[in-house]
2 protein chains.
Amino acid sequence: MIAAVAPADPAYEALLERRHAALGPAYKQFYQQPFVPVKGEGVWITDHHGRRYLDAYNNVPHVGHCHPEVVNAIARQAATFNSNTRYASHVVVDYAERLLATMPAPFDTAMFVCTGTEANELAWRIAMANTGADGAIVTQSAFHGNSTIIGALDTSTIPADQLEPWIATVPAPLFAGSREDAPQPPTADAYAAQYRAAVEQLAERGRRPAAYFVCPLFASDGLYPTPAGYLAPAIDEIHSAGALVIADEVQTALGRTGTHFWGFQHAGIQPDIVTMGKPMGNGIPLAVVATRRELVDGFLKHGRYFNTFGGNQVAAAAGRAVLDVLAQENLQQNALETGAYLRSGLSALMKRHAAIGDVRGTGFFAGIEIVEGDQPAPGRARAIIEDMLSRGVLVGITGSHRNLIKVRPPMVFSRENADMVVDVLDHSLAATGG
Amino acid sequence: MIAAVAPADPAYEALLERRHAALGPAYKQFYQQPFVPVKGEGVWITDHHGRRYLDAYNNVPHVGHCHPEVVNAIARQAATFNSNTRYASHVVVDYAERLLATMPAPFDTAMFVCTGTEANELAWRIAMANTGADGAIVTQSAFHGNSTIIGALDTSTIPADQLEPWIATVPAPLFAGSREDAPQPPTADAYAAQYRAAVEQLAERGRRPAAYFVCPLFASDGLYPTPAGYLAPAIDEIHSAGALVIADEVQTALGRTGTHFWGFQHAGIQPDIVTMGKPMGNGIPLAVVATRRELVDGFLKHGRYFNTFGGNQVAAAAGRAVLDVLAQENLQQNALETGAYLRSGLSALMKRHAAIGDVRGTGFFAGIEIVEGDQPAPGRARAIIEDMLSRGVLVGITGSHRNLIKVRPPMVFSRENADMVVDVLDHSLAATGG
């Protein structure tokens, strides 16, 4: 259960010291041990000592670190023209059309922003303008961004009794994956009743909900893919209350679920607004709000919108290249097949390691629950991911109990890569079993 | 006074139609006539017909469109590694150090975001956390961003009687530039009294100010550079009320004033927080909040901060290249000298054109007030910028009366370029004189 003792690394210590001096105390290191990545290629990262790591965590480099087609698109457009949406531009319109073509009706309008936070901000403004309401509903361990308003929805950090009065919460649907003796989740109707209760809670405070923000896989809550249809009655409750459903796809978009291109399709729900960011530009800030036209019209009655960097040509060129690569390399299918292979390998470890309470997920989004008996074991989970780094594999942690190891690799992940994750996790479980 | 009749341009019409279909009604064209820029180089833009335009407006391409050194930095870093600030990174730390080295004490900490809006959002959160207050003071025709909270400060669009109750406004200091019979602005103490009144207005509503957001050149209000020392008593009023001063440098940073590297230095004020964005990455989304350490410490007592794309390596590499080019090509000095030359040429036009009410500005930020008699003439100003486009020069419009022609070129603008602006403006004034 003890993290490996970090070897002395004066170059790392010096860099951290300079970083603390210039960037200040808000900036945390992902790992406790020294780690300075300097080169990325596909699923591989090389650190400042020339050591190679398998990246099974980062979703921003969606089609792989430094994918040459995306790098070339960025370099070419940066050398050609880069400006804003006040000038009509082919690459921006092309990209918007291509993106909307991946979405079902009634999504007909794409508005450009730069980050997931900005996407959720714009979605929130659209929701308030169209509903005339100002309440929000989120899940109990959610994170949707870092602005004043969207940051107030950070139920993953803010204690429930300190939330703003305009916010009500609903639980995530606790579906287990591989765990055979898992307790049965509530029925869809019983689950929906908790949404009705959230609406009523807001009503008691004299408020109506404008929007329900939801990650279609409930990733921050602990990654709970739901059976098709399960969420429909809950979503109906939101709509019955006059509120809009905002699907926050910053972790679930662009084929990651394997089964579908969009997370909301995997969940079988019909959101009113879809917000997206992280994987879209393979690292270049690019984010979009997709919705239907009437909601944009309703919003514009109350204000205007312009975003200087939103929809710049370099970002659009990067986004278009990402869509190209996804199609050319058939990466959604890869997420479906290799993701299933990965989860099956991870599930097989459960027989040998009682510390794995569950393995769940879909496509290239897998969660491994680390427990001690029936209890979440966040300290063990932390020790495992540190140990896995020392063995050359990057994974992360999520979930309301911070005990869910998150495997969310670039979409070019292979079966060999999956084998390596399973093998290294096996060793790290043994090494931290102490 | 009539804008040139736009020639038929089926390719443009088709693009606009596709754009409206995909991006929706929020997206306006800068110009009424067809204009599709497809290539940028230095101060020059080429449109889809191969016609060349002088860009005397865009400040995002700060060191010139597609500057090869910035393009190379972007391409190189995009091909090497691009990730987030949870991994220590030399290029990010280097850039933060370089940026802070351009700032006087007590600015010792740089926090990375992606846009000016995000910078002002973070500044606002820092201000609220440190002051325990939630009121804001802004000028009467300000724009600081597009989020729910920062968008509420958009006094350039929202009528005064519809502002949120937590907002109070102060007038901009109406200093004329070249106009000889201009009325005298209030004394510095009389001007400061209007800030005291804003604080009292908030107090009457049971609120204290957390922050005063100010563009050091009052650009959106109509571009009013102030004599050194003039703003000091006003700033003292803000500080006496316990509020922080947030200098929004998205239009004034990085040497644009010619006299100083930062707009707040030009204004001779000491802000608590400096927010910046537009020109930093020459088009790549890159924005920063600079402040002193104790305010970050105070903020972190109330929350955490992480920004996925903020401080990505590609943006930092672009930002570092911008600082390099500024120094190598001595561009602040160019803004000082060529900017003065430009304003002198523009002022000389006043003798021949009664429609020019004033010419003011500093460095590469010039404003030409278009009037009819003593009245602002926004329609004429609009006609002039359309006519100037048809003659191959890009300029913009700003100010509370929308009658100030804004000349805010890339920093590599030359005397020849300035001559062209003066010459074309001369012709456009004649052509629109009706």
# chains A, B, ... in the order shown; residues from 1 in each chain; ligands from 1
call {"tool": "interface_residues", "arguments": {"of": "chain B", "to": "chain A", "cutoff": "6 Å", "atoms": "only C-alpha atoms", "output": "PyMOL selection string"}}
result
chain B and resi 19+22-24+28-30+36+39-40+66+71+75+78-81+86-88+93+96-97+109-111+121+147+285+309
call {"tool": "write_last_selection", "arguments": {"atoms": "N, CA and C atoms", "output": "CSV table (one decimal), in the first residue's frame"}}
result
chain,number,residue,atom,x,y,z
B,19,ARG,N,-22.8,28.8,-44.1
B,19,ARG,CA,-22.4,29.2,-42.7
B,19,ARG,C,-23.6,29.4,-41.9
B,22,ALA,N,-25.1,26.1,-40.8
B,22,ALA,CA,-24.4,25.3,-39.9
B,22,ALA,C,-24.1,26.0,-38.6
B,23,LEU,N,-23.8,27.3,-38.6
B,23,LEU,CA,-23.4,28.0,-37.4
B,23,LEU,C,-24.5,28.8,-36.8
B,24,GLY,N,-25.5,29.1,-37.6
B,24,GLY,CA,-26.7,29.8,-37.1
B,24,GLY,C,-26.6,31.3,-37.0
B,28,LYS,N,-22.3,36.9,-37.1
B,28,LYS,CA,-22.4,38.1,-38.0
B,28,LYS,C,-21.1,38.2,-38.9
B,29,GLN,N,-21.3,38.8,-40.0
B,29,GLN,CA,-20.1,39.2,-40.8
B,29,GLN,C,-19.6,40.6,-40.4
B,30,PHE,N,-18.3,40.7,-40.4
B,30,PHE,CA,-17.7,42.0,-40.0
B,30,PHE,C,-18.2,43.1,-41.0
B,36,VAL,N,-13.9,37.4,-48.0
B,36,VAL,CA,-13.5,36.1,-47.5
B,36,VAL,C,-11.9,36.0,-47.5
B,39,LYS,N,-5.7,34.1,-46.9
B,39,LYS,CA,-4.3,34.0,-46.6
B,39,LYS,C,-3.8,35.2,-45.9
B,40,GLY,N,-2.9,35.1,-44.9
B,40,GLY,CA,-2.4,36.2,-44.2
B,40,GLY,C,-0.9,36.1,-44.2
B,66,CYS,N,0.6,34.9,-39.6
B,66,CYS,CA,1.5,33.8,-40.0
B,66,CYS,C,3.0,34.1,-39.9
B,71,VAL,N,4.8,30.4,-36.4
B,71,VAL,CA,4.3,29.2,-37.1
B,71,VAL,C,5.2,28.0,-36.9
B,75,ALA,N,4.2,24.5,-35.0
B,75,ALA,CA,4.4,23.2,-35.7
B,75,ALA,C,5.3,22.3,-35.0
B,78,ALA,N,3.6,21.1,-31.7
B,78,ALA,CA,2.5,20.2,-32.0
B,78,ALA,C,3.0,18.8,-32.4
B,79,ALA,N,4.2,18.8,-33.0
B,79,ALA,CA,4.8,17.5,-33.5
B,79,ALA,C,5.6,16.8,-32.4
B,80,THR,N,5.8,17.5,-31.3
B,80,THR,CA,6.6,17.0,-30.2
B,80,THR,C,5.8,16.5,-29.0
B,81,PHE,N,5.1,17.4,-28.4
B,81,PHE,CA,4.2,17.0,-27.2
B,81,PHE,C,3.3,18.1,-26.9
B,86,ARG,N,-0.9,19.4,-15.6
B,86,ARG,CA,-0.7,18.4,-14.5
B,86,ARG,C,0.6,17.6,-14.7
B,87,TYR,N,1.2,17.9,-15.8
B,87,TYR,CA,2.6,17.4,-16.0
B,87,TYR,C,3.5,18.6,-16.1
B,88,ALA,N,4.6,18.6,-15.3
B,88,ALA,CA,5.6,19.7,-15.4
B,88,ALA,C,6.2,19.7,-16.8
B,93,VAL,N,6.9,26.5,-18.2
B,93,VAL,CA,7.5,27.2,-17.1
B,93,VAL,C,8.4,28.3,-17.7
B,96,ALA,N,6.1,31.2,-18.8
B,96,ALA,CA,5.6,31.9,-17.6
B,96,ALA,C,6.7,32.8,-17.0
B,97,GLU,N,7.9,32.3,-16.9
B,97,GLU,CA,9.0,33.1,-16.4
B,97,GLU,C,9.2,34.3,-17.3
B,109,THR,N,3.0,35.7,-10.2
B,109,THR,CA,2.4,34.4,-10.5
B,109,THR,C,1.5,34.5,-11.8
B,110,ALA,N,1.7,33.5,-12.6
B,110,ALA,CA,0.9,33.5,-13.9
B,110,ALA,C,0.1,32.2,-13.9
B,111,MET,N,-1.2,32.4,-14.1
B,111,MET,CA,-2.1,31.2,-14.2
B,111,MET,C,-2.7,31.2,-15.6
B,121,GLU,N,-13.0,35.6,-15.8
B,121,GLU,CA,-13.7,34.7,-14.9
B,121,GLU,C,-12.8,34.3,-13.7
B,147,SER,N,-19.1,35.0,-20.8
B,147,SER,CA,-19.7,34.0,-19.9
B,147,SER,C,-20.9,34.7,-19.2
B,285,PRO,N,-5.3,30.0,-29.1
B,285,PRO,CA,-5.9,30.4,-27.8
B,285,PRO,C,-4.9,30.3,-26.7
B,309,PHE,N,-7.1,22.9,-21.2
B,309,PHE,CA,-6.2,23.4,-22.3
B,309,PHE,C,-5.4,24.6,-21.9
call {"tool": "select_by_dssp", "arguments": {"residues": "range 122-336 of chain B", "states": "alpha helix (DSSP H)", "output": "PyMOL selection string"}}
result
chain B and resi 122-131+148-151+188-204+232-240+263-267+293-300+313-328+331-336
call {"tool": "closest_atom_pairs", "arguments": {"of": "range 268-380 of chain B", "to": "range 423-434 of chain B", "cutoff": "12 Å", "atoms": "only C-alpha atoms", "output": "CSV"}}
result
residue,atom,partner,partner_atom,distance
B:Leu342,CA,B:Asp423,CA,10.9
B:Gly345,CA,B:Asp423,CA,9.0
B:Leu346,CA,B:Leu425,CA,8.4
B:Ser347,CA,B:Asp426,CA,11.2
B:Ala348,CA,B:Asp426,CA,10.2
B:Leu349,CA,B:Asp426,CA,6.9
B:Met350,CA,B:Asp426,CA,9.8
B:Lys351,CA,B:Asp426,CA,11.2
B:Arg352,CA,B:Asp426,CA,8.8
B:His353,CA,B:Leu429,CA,7.3
B:Ala354,CA,B:Leu429,CA,9.7
B:Ala355,CA,B:Leu429,CA,7.8
B:Ile356,CA,B:Leu429,CA,9.0
B:Ile368,CA,B:Leu425,CA,10.0
B:Ile370,CA,B:Leu429,CA,9.6
B:Val371,CA,B:Gly433,CA,11.4
B:Glu372,CA,B:Gly433,CA,10.4
B:Ala377,CA,B:Gly433,CA,11.6
B:Gly379,CA,B:Thr432,CA,10.2
B:Arg380,CA,B:Thr432,CA,7.1
call {"tool": "residues_around", "arguments": {"residues": "range 185-196 of chain B", "least_positions_apart": "4", "cutoff": "10 Å", "atoms": "only C-alpha atoms", "output": "list of chain:residue names"}}
result
B:Ile137, B:Val138, B:Thr139, B:Ala168, B:Thr169, B:Val170, B:Pro171, B:Ala172, B:Pro173, B:Leu174, B:Phe175, B:Ala176, B:Glu200, B:Gln201, B:Tyr212, B:Pro227, B:Gly229, B:Tyr230, B:Leu231, B:Ala232, B:Pro233, B:Ala234, B:Ile235, B:Asp236, B:Glu237, B:Ile238, B:Ser240, B:Ala241
call {"tool": "residues_around", "arguments": {"residues": "Ser344 in chain A", "least_positions_apart": "5", "cutoff": "9 Å", "atoms": "only C-alpha atoms", "output": "PyMOL selection string"}}
result
chain A and resi 178+339+349+359
call {"tool": "write_last_selection", "arguments": {"atoms": "C-alpha atoms", "output": "JSON list (two decimals), in the first residue's frame"}}
result
[["chain", "number", "residue", "atom", "x", "y", "z"],
["A", 178, "SER", "CA", -18.42, -7.32, -13.99],
["A", 339, "GLY", "CA", -12.23, -1.78, -25.50],
["A", 349, "LEU", "CA", -7.96, -10.18, -12.95],
["A", 359, "VAL", "CA", -14.73, -3.53, -13.82]]
call {"tool": "residues_around", "arguments": {"residues": "range 326-337 of chain B", "least_positions_apart": "2", "cutoff": "8 Å", "atoms": "only C-alpha atoms", "output": "MDAnalysis selection string"}}
result
chainID B and resid 63 254:261 322:324 339:341 362:364 411:414
call {"tool": "closest_residue", "arguments": {"among": "B:Arg51, B:Arg320, B:Lys301, B:Arg205", "to": "Ile126 in chain B", "atoms": "only C-alpha atoms"}}
result
B:Lys301
call {"tool": "select_by_dssp", "arguments": {"residues": "range 52-204 of chain B", "states": "strand (DSSP E or B)", "output": "list of chain:residue names"}}
result
B:Arg52, B:Tyr53, B:Leu54, B:Asp55, B:His65, B:Thr109, B:Ala110, B:Met111, B:Phe112, B:Val113, B:Gly135, B:Ala136, B:Ile137, B:Val138, B:Thr139, B:Ile167, B:Ala168, B:Thr169, B:Val170
call {"tool": "write_last_selection", "arguments": {"atoms": "N, CA and C atoms", "output": "CSV table (one decimal), in the first residue's frame"}}
result
chain,number,residue,atom,x,y,z
B,52,ARG,N,-5.4,41.8,-52.4
B,52,ARG,CA,-4.6,42.0,-51.2
B,52,ARG,C,-5.1,43.2,-50.4
B,53,TYR,N,-5.2,43.0,-49.1
B,53,TYR,CA,-5.7,44.1,-48.2
B,53,TYR,C,-4.6,44.3,-47.1
B,54,LEU,N,-4.6,45.6,-46.7
B,54,LEU,CA,-3.7,46.0,-45.6
B,54,LEU,C,-4.6,45.8,-44.3
B,55,ASP,N,-4.1,45.0,-43.4
B,55,ASP,CA,-4.8,44.7,-42.2
B,55,ASP,C,-4.3,45.8,-41.1
B,65,HIS,N,0.4,38.4,-39.3
B,65,HIS,CA,-0.2,37.2,-39.7
B,65,HIS,C,0.8,36.2,-40.1
B,109,THR,N,3.0,35.7,-10.2
B,109,THR,CA,2.4,34.4,-10.5
B,109,THR,C,1.5,34.5,-11.8
B,110,ALA,N,1.7,33.5,-12.6
B,110,ALA,CA,0.9,33.5,-13.9
B,110,ALA,C,0.1,32.2,-13.9
B,111,MET,N,-1.2,32.4,-14.1
B,111,MET,CA,-2.1,31.2,-14.2
B,111,MET,C,-2.7,31.2,-15.6
B,112,PHE,N,-2.7,30.0,-16.1
B,112,PHE,CA,-3.0,29.8,-17.5
B,112,PHE,C,-4.5,29.5,-17.8
B,113,VAL,N,-5.1,30.2,-18.7
B,113,VAL,CA,-6.4,29.9,-19.2
B,113,VAL,C,-6.4,29.9,-20.7
B,135,GLY,N,-19.8,42.6,-5.5
B,135,GLY,CA,-20.2,43.6,-6.4
B,135,GLY,C,-19.0,43.9,-7.4
B,136,ALA,N,-19.4,44.4,-8.6
B,136,ALA,CA,-18.5,44.8,-9.6
B,136,ALA,C,-18.7,46.2,-10.1
B,137,ILE,N,-17.6,46.8,-10.4
B,137,ILE,CA,-17.6,48.2,-11.0
B,137,ILE,C,-17.0,48.1,-12.4
B,138,VAL,N,-17.6,48.6,-13.4
B,138,VAL,CA,-17.1,48.7,-14.8
B,138,VAL,C,-17.4,50.0,-15.4
B,139,THR,N,-16.7,50.3,-16.5
B,139,THR,CA,-17.0,51.6,-17.2
B,139,THR,C,-18.3,51.4,-18.0
B,167,ILE,N,-23.9,45.3,-10.1
B,167,ILE,CA,-23.0,46.0,-11.0
B,167,ILE,C,-23.2,47.5,-10.9
B,168,ALA,N,-22.2,48.3,-10.8
B,168,ALA,CA,-22.3,49.8,-10.8
B,168,ALA,C,-21.3,50.2,-11.9
B,169,THR,N,-21.6,51.4,-12.5
B,169,THR,CA,-20.7,51.8,-13.6
B,169,THR,C,-20.1,53.2,-13.3
B,170,VAL,N,-19.0,53.4,-13.9
B,170,VAL,CA,-18.3,54.7,-13.8
B,170,VAL,C,-18.1,55.2,-15.3
